file model-v6.cif (mmCIF, C-alpha atoms, pLDDT in the B column; chains and numbers go by the auth columns)
data_query
#
loop_
_atom_site.group_PDB
_atom_site.id
_atom_site.type_symbol
_atom_site.label_atom_id
_atom_site.label_comp_id
_atom_site.label_asym_id
_atom_site.label_seq_id
_atom_site.Cartn_x
_atom_site.Cartn_y
_atom_site.Cartn_z
_atom_site.B_iso_or_equiv
_atom_site.auth_seq_id
_atom_site.auth_asym_id
ATOM 1 C CA MET A 1 109.093 95.927 94.706 87.00 177 Z
ATOM 2 C CA GLY A 2 105.515 96.862 93.827 90.00 178 Z
ATOM 3 C CA TRP A 3 103.735 94.855 96.528 92.00 179 Z
ATOM 4 C CA THR A 4 100.413 96.428 97.538 93.00 180 Z
ATOM 5 C CA ALA A 5 98.741 96.233 100.944 94.00 181 Z
ATOM 6 C CA VAL A 6 96.226 93.737 99.512 94.00 182 Z
ATOM 7 C CA ARG A 7 98.945 91.496 98.058 92.00 183 Z
ATOM 8 C CA LEU A 8 100.715 91.412 101.427 93.00 184 Z
ATOM 9 C CA PHE A 9 97.891 91.667 103.985 95.00 185 Z
ATOM 10 C CA GLY A 10 94.744 90.799 102.020 94.00 186 Z
ATOM 11 C CA VAL A 11 91.843 88.682 103.249 95.00 187 Z
ATOM 12 C CA HIS A 12 88.483 87.862 101.685 94.00 188 Z
ATOM 13 C CA PRO A 13 86.088 90.791 102.338 94.00 189 Z
ATOM 14 C CA ALA A 14 83.341 88.529 103.757 93.00 190 Z
ATOM 15 C CA ALA A 15 85.034 85.242 104.737 94.00 191 Z
ATOM 16 C CA GLY A 16 88.373 86.511 106.042 93.00 192 Z
ATOM 17 C CA ILE A 17 91.166 83.923 106.104 92.00 193 Z
ATOM 18 C CA VAL A 18 88.753 81.069 105.425 92.00 194 Z
ATOM 19 C CA ARG A 19 89.169 81.839 101.712 91.00 195 Z
ATOM 20 C CA VAL A 20 92.914 81.336 101.404 88.00 196 Z
ATOM 21 C CA ASP A 21 92.810 82.129 97.673 88.00 197 Z
ATOM 22 C CA THR A 22 92.413 85.808 98.590 90.00 198 Z
ATOM 23 C CA CYS A 23 94.962 85.893 101.421 92.00 199 Z
ATOM 24 C CA GLY A 24 98.050 88.013 101.040 92.00 200 Z
ATOM 25 C CA ALA A 25 101.582 86.751 101.315 91.00 201 Z
ATOM 26 C CA LEU A 26 101.995 87.708 104.994 92.00 202 Z
ATOM 27 C CA VAL A 27 98.553 86.716 106.313 91.00 203 Z
ATOM 28 C CA LEU A 28 98.643 82.954 106.612 83.00 204 Z
ATOM 29 C CA PRO A 29 100.985 81.411 109.146 77.00 205 Z
ATOM 30 C CA SER A 30 104.270 80.298 107.714 74.00 206 Z
ATOM 31 C CA ALA A 31 106.849 78.343 109.575 66.00 207 Z
ATOM 32 C CA GLY A 32 109.562 80.910 109.415 79.00 208 Z
ATOM 33 C CA ALA A 33 110.833 84.250 108.333 89.00 209 Z
ATOM 34 C CA VAL A 34 110.773 85.642 104.827 91.00 210 Z
ATOM 35 C CA ARG A 35 113.933 84.404 103.095 93.00 211 Z
ATOM 36 C CA ALA A 36 113.596 86.256 99.785 93.00 212 Z
ATOM 37 C CA ILE A 37 111.264 88.681 98.090 93.00 213 Z
ATOM 38 C CA THR A 38 111.000 89.606 94.429 94.00 214 Z
ATOM 39 C CA ALA A 39 108.431 91.560 92.454 91.00 215 Z
ATOM 40 C CA THR A 40 106.348 88.370 92.024 90.00 216 Z
ATOM 41 C CA GLU A 41 107.169 86.039 94.949 93.00 217 Z
ATOM 42 C CA VAL A 42 107.697 85.917 98.689 92.00 218 Z
ATOM 43 C CA SER A 43 109.763 82.905 99.757 92.00 219 Z
ATOM 44 C CA PHE A 44 109.733 81.475 103.264 90.00 220 Z
ATOM 45 C CA GLY A 45 112.404 78.878 102.546 83.00 221 Z
ATOM 46 C CA HIS A 46 110.113 75.840 102.447 86.00 222 Z
ATOM 47 C CA ALA A 47 107.120 77.614 100.870 88.00 223 Z
ATOM 48 C CA THR A 48 106.635 80.378 98.336 89.00 224 Z
ATOM 49 C CA HIS A 49 103.691 82.735 97.894 90.00 225 Z
ATOM 50 C CA ARG A 50 102.943 83.616 94.275 88.00 226 Z
ATOM 51 C CA GLU A 51 100.035 85.606 92.926 82.00 227 Z
ATOM 52 C CA LYS A 52 98.299 83.666 90.187 82.00 228 Z
ATOM 53 C CA PRO A 53 96.691 85.322 87.147 83.00 229 Z
ATOM 54 C CA GLY A 54 92.961 85.770 87.721 85.00 230 Z
ATOM 55 C CA GLN A 55 93.296 85.213 91.469 84.00 231 Z
ATOM 56 C CA PRO A 56 90.535 87.056 93.360 86.00 232 Z
ATOM 57 C CA GLN A 57 91.618 90.122 95.312 87.00 233 Z
ATOM 58 C CA GLY A 58 90.700 90.653 98.917 92.00 234 Z
ATOM 59 C CA VAL A 59 90.838 93.693 101.150 96.00 235 Z
ATOM 60 C CA PRO A 60 93.563 94.588 103.682 96.00 236 Z
ATOM 61 C CA TRP A 61 92.831 92.758 106.966 95.00 237 Z
ATOM 62 C CA TRP A 62 92.231 96.058 108.763 95.00 238 Z
ATOM 63 C CA GLU A 63 89.268 96.703 106.458 94.00 239 Z
ATOM 64 C CA PHE A 64 87.733 93.251 107.015 94.00 240 Z
ATOM 65 C CA GLY A 65 84.122 93.440 108.143 85.00 241 Z
ATOM 66 C CA ARG A 66 83.571 97.095 107.260 79.00 242 Z
#
call {"tool": "encode", "arguments": {"input": "model-v6.cif", "output": "structure tokens"}}
result
Amino acid sequence: MGWTAVRLFGVHPAAGIVRVDTCGALVLPSAGAVRAITATEVSFGHATHREKPGQPQGVPWWEFGR
């Protein structure tokens, strides 16, 4: 589907999850399982993660603090 590690697991390189605008689709808690995934959205049923044009990019959470 074209999802990168940053788009799925990204966090802000200095602030971590405090900066939610850089968090990937699977980083922030959602109240449920993924219901649908397309090339541009991940839907959790009640909420949908979409990447917005110009949205800052983070780093994968496993590279946070390096």
call {"tool": "residues_around", "arguments": {"input": "model-v6.cif", "residues": "Leu184 (chain Z)", "least_positions_apart": "3", "cutoff": "7 Å", "atoms": "all atoms listed in the file", "output": "VMD selection string"}}
result
chain Z and resid 179 to 181 200 to 202
call {"tool": "resolve_selection", "arguments": {"input": "model-v6.cif", "expression": "the PyMOL selection byres ((chain Z and resi 217-234) around 8)", "output": "list of chain:residue names"}}
result
Z:Val182, Z:Arg183, Z:Gly186, Z:Val187, Z:His188, Z:Pro189, Z:Asp197, Z:Thr198, Z:Cys199, Z:Ala201, Z:Ser206, Z:Ala207, Z:Gly208, Z:Ala209, Z:Val210, Z:Arg211, Z:Ala212, Z:Ile213, Z:Thr214, Z:Ala215, Z:Thr216, Z:Val235, Z:Pro236
call {"tool": "axis_aligned_box", "arguments": {"input": "model-v6.cif", "around": "region 208-227 of chain Z", "padding_each_side": "3 Å", "output": "lines of an AutoDock Vina configuration file"}}
result
center_x = 107.0
center_y = 83.7
center_z = 100.7
size_x = 19.9
size_y = 21.7
size_z = 23.4
call {"tool": "resolve_selection", "arguments": {"input": "model-v6.cif", "expression": "the PyMOL selection byres ((chain Z and resi 242) around 10)", "output": "number ranges by chain"}}
result
Z: 189-190, 238-241
